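The next block is final.cif, given as mmCIF, C-alpha atoms and all ligand atoms.
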```
data_run
#
loop_
_atom_site.label_atom_id
_atom_site.label_comp_id
_atom_site.auth_asym_id
_atom_site.auth_seq_id
_atom_site.Cartn_x
_atom_site.Cartn_y
_atom_site.Cartn_z
CA MET A 1 83.06 -20.28 230.76
CA ASN A 2 81.30 -19.25 233.90
CA GLY A 3 77.91 -18.76 235.47
CA PHE A 4 77.23 -15.44 233.78
CA ALA A 5 78.22 -16.28 230.21
CA GLU A 6 74.87 -15.11 228.88
CA GLN A 7 75.12 -11.68 230.50
CA HIS A 8 78.73 -11.42 229.38
CA ASP A 9 77.89 -12.24 225.76
CA ARG A 10 74.98 -9.81 225.71
CA ALA A 11 77.16 -7.08 227.23
CA LYS A 12 79.86 -7.70 224.66
CA GLU A 13 77.26 -7.32 221.93
CA VAL A 14 75.84 -4.01 223.15
CA LEU A 15 78.94 -2.27 224.54
CA ASP A 16 81.31 -0.08 222.61
CA PRO A 17 84.31 -2.41 222.06
CA VAL A 18 86.70 -0.02 223.82
CA ALA A 19 84.46 0.15 226.90
CA TYR A 20 84.05 -3.63 226.78
CA ASP A 21 87.82 -4.09 226.82
CA TYR A 22 88.15 -1.68 229.75
CA PHE A 23 85.63 -3.66 231.81
CA ALA A 24 86.76 -7.13 230.75
CA GLY A 25 90.50 -6.65 230.73
CA GLY A 26 93.25 -7.35 233.20
CA ALA A 27 96.89 -6.39 233.55
CA GLY A 28 99.77 -7.79 231.50
CA ASP A 29 99.10 -11.24 230.07
CA GLU A 30 95.88 -11.50 232.10
CA ARG A 31 97.19 -14.53 233.97
CA ALA A 32 95.74 -13.39 237.29
CA LEU A 33 92.44 -12.58 235.61
CA ALA A 34 92.16 -16.11 234.22
CA ASP A 35 93.41 -17.77 237.39
CA ASN A 36 90.85 -16.02 239.59
CA GLU A 37 88.04 -18.00 237.97
CA ASN A 38 90.07 -21.15 237.32
CA SER A 39 91.09 -21.43 240.98
CA PHE A 40 87.47 -21.87 242.01
CA ALA A 41 87.14 -24.62 239.40
CA ARG A 42 90.06 -26.46 241.06
CA LEU A 43 88.28 -26.57 244.42
CA ALA A 44 85.44 -28.86 245.40
CA LEU A 45 82.95 -29.09 248.24
CA LEU A 46 82.64 -32.16 250.45
CA PRO A 47 79.04 -31.91 251.58
CA ARG A 48 77.66 -33.05 254.95
CA VAL A 49 74.33 -34.85 254.88
CA LEU A 50 71.26 -35.27 257.08
CA ARG A 51 71.82 -32.21 259.21
CA GLY A 52 69.92 -29.38 257.49
CA GLY A 53 66.74 -27.62 258.51
CA ALA A 54 63.60 -26.20 256.99
CA ASN A 55 64.80 -22.61 257.04
CA ARG A 56 68.18 -21.18 256.23
CA ASP A 57 69.50 -17.90 257.56
CA LEU A 58 71.93 -16.22 255.13
CA ALA A 59 72.61 -13.12 257.23
CA VAL A 60 76.15 -12.15 258.21
CA ARG A 61 77.45 -9.30 260.38
CA LEU A 62 79.64 -6.79 258.60
CA PRO A 63 81.01 -3.39 259.65
CA GLY A 64 78.36 -0.81 258.73
CA ALA A 65 75.98 -3.60 257.66
CA PRO A 66 74.85 -5.60 260.69
CA ASP A 67 72.42 -7.82 258.80
CA ALA A 68 73.92 -8.37 255.35
CA LEU A 69 73.94 -11.03 252.69
CA PRO A 70 77.39 -12.57 252.19
CA ILE A 71 77.37 -11.32 248.58
CA MET A 72 78.31 -7.70 247.85
CA VAL A 73 78.87 -5.49 244.83
CA ALA A 74 82.63 -4.90 244.48
CA PRO A 75 83.58 -1.35 243.53
CA THR A 76 83.93 -0.90 239.77
CA ALA A 77 84.45 2.42 238.00
CA PHE A 78 82.59 4.22 235.21
CA HIS A 79 79.13 2.59 235.18
CA ARG A 80 77.69 5.13 232.77
CA LEU A 81 79.96 3.61 230.12
CA ALA A 82 77.94 0.41 230.60
CA HIS A 83 74.45 1.92 230.81
CA PRO A 84 73.03 5.48 230.64
CA GLU A 85 71.66 5.26 234.20
CA GLY A 86 75.07 4.15 235.43
CA GLU A 87 75.55 3.79 239.18
CA LEU A 88 71.94 4.83 239.86
CA ALA A 89 70.76 1.58 238.29
CA THR A 90 73.40 -0.44 240.15
CA ALA A 91 72.46 1.18 243.46
CA ARG A 92 68.75 0.48 243.06
CA ALA A 93 69.43 -3.13 242.06
CA ALA A 94 71.79 -3.77 244.99
CA ALA A 95 69.26 -2.29 247.42
CA ALA A 96 66.46 -4.40 245.95
CA ALA A 97 68.54 -7.58 246.09
CA GLY A 98 69.56 -6.85 249.69
CA THR A 99 73.28 -6.64 248.99
CA VAL A 100 75.83 -4.08 250.16
CA LEU A 101 77.01 -1.78 247.36
CA ILE A 102 80.64 -0.68 247.50
CA SER A 103 80.54 2.44 245.36
CA SER A 104 83.74 3.30 243.48
CA MET A 105 85.39 6.66 244.08
CA ALA A 106 85.62 6.73 240.27
CA SER A 107 81.85 6.56 239.80
CA THR A 108 80.20 8.55 237.01
CA VAL A 109 77.37 9.56 239.37
CA ALA A 110 78.18 11.49 242.58
CA ILE A 111 78.10 9.46 245.80
CA ASP A 112 75.19 11.41 247.35
CA GLU A 113 73.01 10.57 244.34
CA VAL A 114 74.14 6.93 244.45
CA VAL A 115 73.17 6.59 248.12
CA ALA A 116 69.88 8.44 247.57
CA ALA A 117 68.97 6.02 244.76
CA ALA A 118 69.69 3.02 247.00
CA HIS A 119 67.73 4.52 249.91
CA GLN A 120 64.73 5.24 247.70
CA VAL A 121 64.43 1.50 247.19
CA ARG A 122 65.26 0.51 250.77
CA ALA A 123 65.89 3.09 253.45
CA GLU A 124 68.41 0.92 255.29
CA ALA A 125 70.33 -0.30 252.22
CA PRO A 126 74.05 -0.09 253.10
CA VAL A 127 76.36 1.73 250.69
CA TRP A 128 80.09 1.76 251.37
CA PHE A 129 82.47 4.23 249.76
CA GLN A 130 85.66 2.99 248.07
CA LEU A 131 88.52 5.40 248.44
CA TYR A 132 91.97 5.83 246.93
CA LEU A 133 93.93 7.70 249.60
CA GLN A 134 95.20 10.89 247.99
CA PRO A 135 98.69 12.32 248.60
CA ASP A 136 97.05 15.62 249.62
CA GLN A 137 95.31 14.68 252.86
CA GLN A 138 92.94 17.63 252.54
CA VAL A 139 91.57 16.04 249.40
CA THR A 140 91.14 12.71 251.19
CA ALA A 141 89.40 14.51 254.07
CA ALA A 142 87.00 16.26 251.68
CA LEU A 143 86.14 12.94 249.99
CA VAL A 144 85.55 11.28 253.36
CA GLU A 145 83.28 14.12 254.41
CA ARG A 146 81.36 13.79 251.15
CA ALA A 147 80.87 10.06 251.73
CA GLU A 148 79.78 10.63 255.34
CA ARG A 149 77.33 13.33 254.37
CA ALA A 150 75.91 11.13 251.63
CA GLY A 151 75.11 8.46 254.22
CA CYS A 152 77.75 5.81 253.50
CA SER A 153 78.21 3.37 256.36
CA ALA A 154 81.84 2.27 255.80
CA LEU A 155 84.99 3.22 253.89
CA VAL A 156 86.91 0.76 251.74
CA VAL A 157 90.47 1.88 251.12
CA THR A 158 92.05 0.28 248.09
CA VAL A 159 95.70 -0.40 248.89
CA ASP A 160 96.85 -2.42 245.88
CA SER A 161 97.31 0.57 243.59
CA PRO A 162 100.50 2.54 244.33
CA VAL A 163 100.62 2.88 240.54
CA PHE A 164 97.97 2.00 237.98
CA GLY A 165 98.12 -1.51 236.50
CA ARG A 166 99.34 -2.14 232.98
CA HIS A 167 96.10 -2.62 231.05
CA GLU A 168 97.34 -3.79 227.67
CA ARG A 169 93.93 -3.71 226.02
CA ASP A 170 93.39 -0.07 227.02
CA ARG A 171 96.84 0.84 225.73
CA ARG A 172 96.08 -0.78 222.39
CA ASN A 173 92.73 1.01 222.24
CA GLY A 174 94.10 4.38 223.33
CA PHE A 175 91.66 4.38 226.28
CA HIS A 176 93.28 6.48 228.98
CA ASP A 177 90.43 8.49 230.44
CA LEU A 178 86.67 8.92 230.39
CA PRO A 179 85.35 10.16 227.04
CA ASP A 180 83.76 13.62 226.72
CA GLY A 181 80.41 13.90 228.46
CA TYR A 182 81.39 11.67 231.39
CA ALA A 183 83.22 12.58 234.59
CA ALA A 184 84.34 11.11 237.90
CA GLU A 185 81.66 13.10 239.70
CA ASN A 186 83.04 12.66 243.22
CA MET A 187 86.11 14.63 242.20
CA ARG A 188 84.33 17.98 241.72
CA GLY A 189 84.87 20.96 243.99
CA LEU A 190 87.77 19.45 245.96
CA PRO A 191 90.55 21.48 247.63
CA GLY A 192 93.13 22.59 245.08
CA GLY A 193 91.03 21.34 242.18
CA PRO A 194 89.72 23.31 239.22
CA ALA A 195 86.61 25.37 240.03
CA GLU A 196 84.30 23.88 237.42
CA ASP A 197 86.00 20.66 236.46
CA THR A 198 87.01 17.46 238.27
CA ARG A 199 90.32 16.77 239.98
CA ASP A 200 92.26 13.73 238.73
CA ILE A 201 92.33 10.65 240.94
CA GLU A 202 95.95 10.18 241.96
CA MET A 203 97.56 6.83 242.54
CA SER A 204 100.71 7.43 244.55
CA PRO A 205 103.47 5.08 245.73
CA GLU A 206 103.99 7.45 248.65
CA ILE A 207 100.78 6.34 250.31
CA SER A 208 101.71 4.32 253.41
CA TRP A 209 100.35 2.86 256.65
CA ARG A 210 100.75 6.35 258.10
CA HIS A 211 98.03 7.60 255.75
CA VAL A 212 95.73 4.82 256.93
CA GLU A 213 96.36 5.95 260.51
CA SER A 214 95.51 9.54 259.56
CA LEU A 215 92.32 8.34 257.93
CA ARG A 216 91.31 6.61 261.16
CA ALA A 217 91.60 9.95 262.90
CA MET A 218 89.47 11.68 260.22
CA THR A 219 86.35 9.55 260.56
CA ARG A 220 84.25 7.42 262.85
CA LEU A 221 83.14 5.21 259.96
CA PRO A 222 84.47 1.65 259.87
CA VAL A 223 87.55 1.37 257.62
CA LEU A 224 88.31 -1.73 255.55
CA LEU A 225 91.45 -2.29 253.47
CA LYS A 226 90.98 -3.76 250.00
CA GLY A 227 93.71 -5.50 248.07
CA ILE A 228 95.68 -7.38 250.72
CA LEU A 229 97.31 -10.69 249.72
CA HIS A 230 100.32 -11.07 252.07
CA PRO A 231 99.59 -12.49 255.54
CA ASP A 232 102.08 -10.05 257.10
CA ASP A 233 100.05 -7.13 255.71
CA ALA A 234 96.91 -8.68 257.17
CA HIS A 235 98.73 -8.73 260.53
CA LEU A 236 99.70 -5.07 260.19
CA ALA A 237 96.12 -4.16 259.29
CA VAL A 238 94.79 -5.88 262.40
CA GLY A 239 97.44 -4.12 264.51
CA LEU A 240 96.29 -0.77 263.15
CA GLY A 241 92.75 -1.49 264.22
CA VAL A 242 91.08 -1.60 260.80
CA ASP A 243 87.58 -3.05 260.73
CA GLY A 244 88.00 -5.53 257.90
CA ILE A 245 90.17 -6.75 255.04
CA ILE A 246 89.20 -7.50 251.47
CA VAL A 247 91.49 -10.18 250.06
CA SER A 248 91.72 -9.17 246.42
CA ASN A 249 94.04 -8.82 243.44
CA HIS A 250 91.80 -6.13 241.93
CA GLY A 251 90.26 -8.60 239.52
CA GLY A 252 93.71 -9.23 237.97
CA ARG A 253 94.05 -5.57 236.96
CA GLN A 254 97.05 -4.52 239.05
CA LEU A 255 99.98 -6.94 239.58
CA ASP A 256 99.47 -9.70 237.02
CA ALA A 257 101.81 -12.09 238.86
CA THR A 258 99.55 -12.39 241.89
CA PRO A 259 97.95 -15.67 242.95
CA ALA A 260 94.17 -15.93 243.02
CA PRO A 261 92.68 -14.49 246.22
CA ILE A 262 90.89 -17.77 246.98
CA GLU A 263 94.31 -19.51 247.06
CA VAL A 264 95.72 -17.13 249.66
CA LEU A 265 92.56 -16.75 251.73
CA PRO A 266 93.35 -19.72 254.05
CA HIS A 267 96.75 -18.18 254.85
CA ILE A 268 95.18 -14.82 255.64
CA THR A 269 92.52 -16.57 257.73
CA ASN A 270 95.32 -18.24 259.73
CA ALA A 271 97.16 -14.94 260.15
CA VAL A 272 94.11 -12.99 261.30
CA GLY A 273 92.62 -15.72 263.47
CA GLY A 274 89.08 -14.32 263.42
CA ALA A 275 90.10 -10.90 264.79
CA ILE A 276 88.28 -8.98 262.03
CA PRO A 277 86.01 -9.93 259.12
CA LEU A 278 87.73 -11.08 255.94
CA LEU A 279 86.07 -10.45 252.61
CA LEU A 280 87.22 -11.72 249.23
CA ASP A 281 86.73 -10.77 245.61
CA GLY A 282 87.97 -12.06 242.26
CA GLY A 283 86.44 -14.76 240.08
CA VAL A 284 83.25 -15.35 242.10
CA ARG A 285 80.72 -16.50 239.49
CA ARG A 286 78.53 -19.12 241.18
CA GLY A 287 76.81 -19.68 244.49
CA THR A 288 79.17 -22.60 245.04
CA ASP A 289 82.12 -20.17 244.74
CA VAL A 290 80.55 -18.11 247.53
CA ALA A 291 80.23 -21.28 249.64
CA VAL A 292 83.90 -22.22 249.05
CA ALA A 293 85.07 -18.71 250.03
CA LEU A 294 82.99 -18.72 253.22
CA ALA A 295 84.22 -22.20 254.11
CA LEU A 296 87.83 -20.99 253.75
CA GLY A 297 87.27 -18.09 256.15
CA ALA A 298 85.56 -15.23 254.29
CA THR A 299 82.55 -13.54 255.89
CA ALA A 300 81.35 -12.29 252.50
CA VAL A 301 82.44 -11.97 248.87
CA GLY A 302 82.39 -9.17 246.30
CA VAL A 303 81.39 -9.51 242.67
CA GLY A 304 82.84 -7.18 240.03
CA ARG A 305 82.47 -7.96 236.34
CA PRO A 306 79.20 -9.96 236.45
CA VAL A 307 77.51 -6.84 237.85
CA VAL A 308 78.87 -4.76 234.98
CA TRP A 309 77.68 -7.35 232.45
CA GLY A 310 74.21 -7.36 234.00
CA LEU A 311 74.15 -3.56 233.93
CA ALA A 312 75.17 -3.39 230.28
CA ALA A 313 72.78 -6.17 229.28
CA ASP A 314 69.65 -4.93 231.03
CA GLY A 315 70.26 -1.97 233.36
CA GLU A 316 68.84 -2.15 236.87
CA LYS A 317 67.01 -5.38 236.13
CA GLY A 318 70.15 -6.96 234.72
CA VAL A 319 72.13 -6.22 237.90
CA ARG A 320 69.28 -7.43 240.06
CA ASP A 321 69.09 -10.69 238.11
CA VAL A 322 72.81 -11.30 238.64
CA LEU A 323 72.70 -10.61 242.38
CA GLU A 324 69.50 -12.55 243.02
CA ARG A 325 70.74 -15.53 241.08
CA LEU A 326 73.96 -15.62 243.07
CA ARG A 327 71.97 -15.37 246.30
CA ASP A 328 69.61 -18.18 245.29
CA GLU A 329 72.46 -20.38 244.11
CA PHE A 330 74.31 -19.77 247.36
CA ASP A 331 71.23 -20.63 249.40
CA GLN A 332 70.91 -23.88 247.46
CA ALA A 333 74.62 -24.67 247.82
CA LEU A 334 74.37 -24.10 251.58
CA ALA A 335 71.44 -26.52 251.77
CA LEU A 336 73.28 -29.11 249.66
CA CYS A 337 76.25 -28.85 252.05
CA GLY A 338 73.98 -29.58 255.00
CA GLY A 339 74.15 -26.01 256.31
CA ARG A 340 71.52 -23.78 257.87
CA ARG A 341 73.61 -20.66 258.31
CA CYS A 342 76.81 -19.28 256.81
CA GLY A 343 78.85 -20.31 259.85
CA ASP A 344 78.07 -23.97 259.08
CA LEU A 345 80.46 -23.76 256.13
CA THR A 346 83.72 -24.90 257.63
CA ARG A 347 87.15 -25.52 256.17
CA ASP A 348 86.83 -29.32 256.21
CA LEU A 349 84.18 -28.99 253.48
CA VAL A 350 86.71 -27.81 250.87
CA VAL A 351 89.04 -30.17 249.03
CA ARG A 352 91.16 -29.92 245.90
CA ARG A 353 89.50 -31.35 242.83
CA GLY A 354 91.07 -34.66 241.83
CA PHE A 355 91.69 -37.45 244.35
CA GLY A 356 89.27 -35.88 246.81
CA GLY A 357 92.05 -33.79 248.29
CA GLY A 358 94.59 -36.62 248.57
CA TRP A 359 94.60 -40.04 250.22
C1 LIG B 401 86.03 -2.42 235.21
C2 LIG B 401 86.56 -2.51 236.60
C3 LIG B 401 86.73 -1.36 237.33
C4 LIG B 401 87.20 -1.43 238.64
N1 LIG B 401 87.29 -0.28 239.36
C5 LIG B 401 87.70 -0.35 240.65
C6 LIG B 401 87.74 0.82 241.45
O1 LIG B 401 87.38 1.91 241.01
N2 LIG B 401 88.17 0.69 242.72
C7 LIG B 401 88.54 -0.51 243.26
O2 LIG B 401 88.94 -0.57 244.42
N3 LIG B 401 88.49 -1.64 242.53
C8 LIG B 401 88.07 -1.58 241.25
N4 LIG B 401 87.99 -2.74 240.53
C9 LIG B 401 88.29 -4.03 241.16
C10 LIG B 401 87.02 -4.67 241.78
O3 LIG B 401 86.63 -3.98 242.92
C11 LIG B 401 87.23 -6.14 242.19
O4 LIG B 401 88.40 -6.23 242.95
C12 LIG B 401 87.30 -7.11 241.02
O5 LIG B 401 86.54 -6.67 239.92
C13 LIG B 401 86.81 -8.46 241.47
O6 LIG B 401 86.97 -9.38 240.48
P1 LIG B 401 85.82 -9.93 239.48
O7 LIG B 401 85.62 -8.84 238.46
O8 LIG B 401 86.46 -11.15 238.95
O9 LIG B 401 84.57 -10.22 240.28
C14 LIG B 401 87.52 -2.69 239.20
C15 LIG B 401 87.32 -3.84 238.46
C16 LIG B 401 86.84 -3.78 237.18
C17 LIG B 401 86.62 -5.05 236.42
C1 LIG B 402 90.90 5.85 238.53
C2 LIG B 402 90.01 4.73 238.06
C3 LIG B 402 90.36 3.46 238.74
C4 LIG B 402 89.57 2.33 238.20
C5 LIG B 402 90.13 1.00 238.60
O1 LIG B 402 90.47 0.76 239.73
C6 LIG B 402 90.24 -0.05 237.62
O2 LIG B 402 89.97 0.21 236.43
O3 LIG B 402 90.61 -1.17 237.98
#
```
Could you spell out this file's structure in structure tokens?
Ligand SMILES: Cc1cc2nc3c(=O)[nH]c(=O)nc-3n(C[C@H](O)[C@H](O)[C@H](O)COP(=O)(O)O)c2cc1C
Ligand SMILES: CCCCC(=O)C(=O)O
Amino acid sequence: MNGFAEQHDRAKEVLDPVAYDYFAGGAGDERALADNENSFARLALLPRVLRGGANRDLAVRLPGAPDALPIMVAPTAFHRLAHPEGELATARAAAAAGTVLISSMASTVAIDEVVAAAHQVRAEAPVWFQLYLQPDQQVTAALVERAERAGCSALVVTVDSPVFGRHERDRRNGFHDLPDGYAAENMRGLPGGPAEDTRDIEMSPEISWRHVESLRAMTRLPVLLKGILHPDDAHLAVGLGVDGIIVSNHGGRQLDATPAPIEVLPHITNAVGGAIPLLLDGGVRRGTDVAVALALGATAVGVGRPVVWGLAADGEKGVRDVLERLRDEFDQALALCGGRRCGDLTRDLVVRRGFGGGW
């Protein structure tokens, strides 16, 4: 069980079981899914004492979000399947909680409406656009233009999906696409697409580093790559001049045999050597998980399923509760570790549970 068991149980109660399985599930035997949370439980914090201060400063610098909290909303698809207000509710909640929203390309509300909802709550609230690079570069360019026009302040390119993961629950349930009455609204009116209807999102194994280079030429927005686990890929990303990396296994929904992102983060930190910000998602459920990730080299973390559970359980308020609780827990964890700012969380504070890390 984890920090958001209550929201999860409530969501499970109110959601259509097929939608619940889509949100909850992972790929294959769901080993990666389970390990993402369990890996945090295997790590412990070795706090420093007598060095805190009256006020803590939680702000971190991120591309397209110069004064951000280290907790962000990871991109998840299809929010209207969780709540009738869908991504509008999520956007308002993220803005109110002061967190960056990474809005999925597969959102059920168009990106301009998502950003407008966030900006109604807080004019400066950062919204980033998550993008699957499309084999037809004109389609990618049109999506980028849409995100720019909407007011997004960064692009997050998901690179762990050359093909779609094997979601066994969805296969059993016959869930292959959005039901009638819902659509991936960002996919309307794109080059080569149907006039009235949406274009399908393509996942293509032909997408390569070359496409990332082309994207850099298409936009002045910061570009982050999401779904990197191998240190050599982190190296390549830095060489290409990307603005950040999200260490992620897609919440255990793509390659089931992957290790938990928190296990590989120290290796990626070593490979990148502070050149660009590293973010992490997968299994973050407590403020102490945020503290562990920051201590191991992340600048910020993303949260996926807990946001969906909050949304299903109680709409905008439910998401806000989840984000604010994580923020408050993190603030408390930072204080208990003797820290005043995020940079005070250093690698020496993390040990393996059991034997205090070895002696
Ligand atoms: C229901 C669901 C839908 C997702 N949709 C997307 C998506 O559209 N694009 C993307 O890059 N990642 C997507 N992800 C992956 C998340 O961005 C993130 O990597 C993952 O959920 C983090 O793990 P957590 O759920 O344990 O916090 C999705 C995850 C879930 C659970
Ligand atoms: C085309 C929808 C992609 C959603 C996704 O990334 C996921 O379900 O993990």
Could you tell me which of A:Leu50, A:Val223, A:Ala24, A:Val292 comes closest to ligand LIG 401 (chain B) if we count only C-alpha atoms and all ligand atoms?
A:Ala24
Taking all atoms listed in the file into account, list the residues no farther than 9 Å from ligand LIG 401 (chain B), as a ChimeraX atom specification.
/A:19-26,33-34,36-37,73-79,102-107,130-132,156-161,226-227,246-253,280-285,302-308
Padding 6 Å on every side, please: axis-aligned box over the listed atoms of ligand LIG 402 (chain B), centre and edge lengths to one decimal in Å, as JSON.
```
{"center_x": 90.2, "center_y": 2.3, "center_z": 238.1, "size_x": 13.3, "size_y": 19.0, "size_z": 15.3}
```
Can you pull out the residues contacting Ala82 (chain A)? Cut-off 10 Å, using all atoms listed in the file, and skip same-chain residues under 5 positions away; I want them as a list in words.
Ala11, Val14, Leu15, Asp16, Ala19, Tyr20, Phe23, Glu87, Val308, Trp309, Gly310, Leu311, Ala312, Ala313, Asp314 and Gly315 of chain A
Between A:Arg48, A:Arg286, A:His230, A:Arg169, which has the minimum distance to ligand LIG 402 (chain B) (counting only C-alpha atoms and all ligand atoms)?
A:Arg169
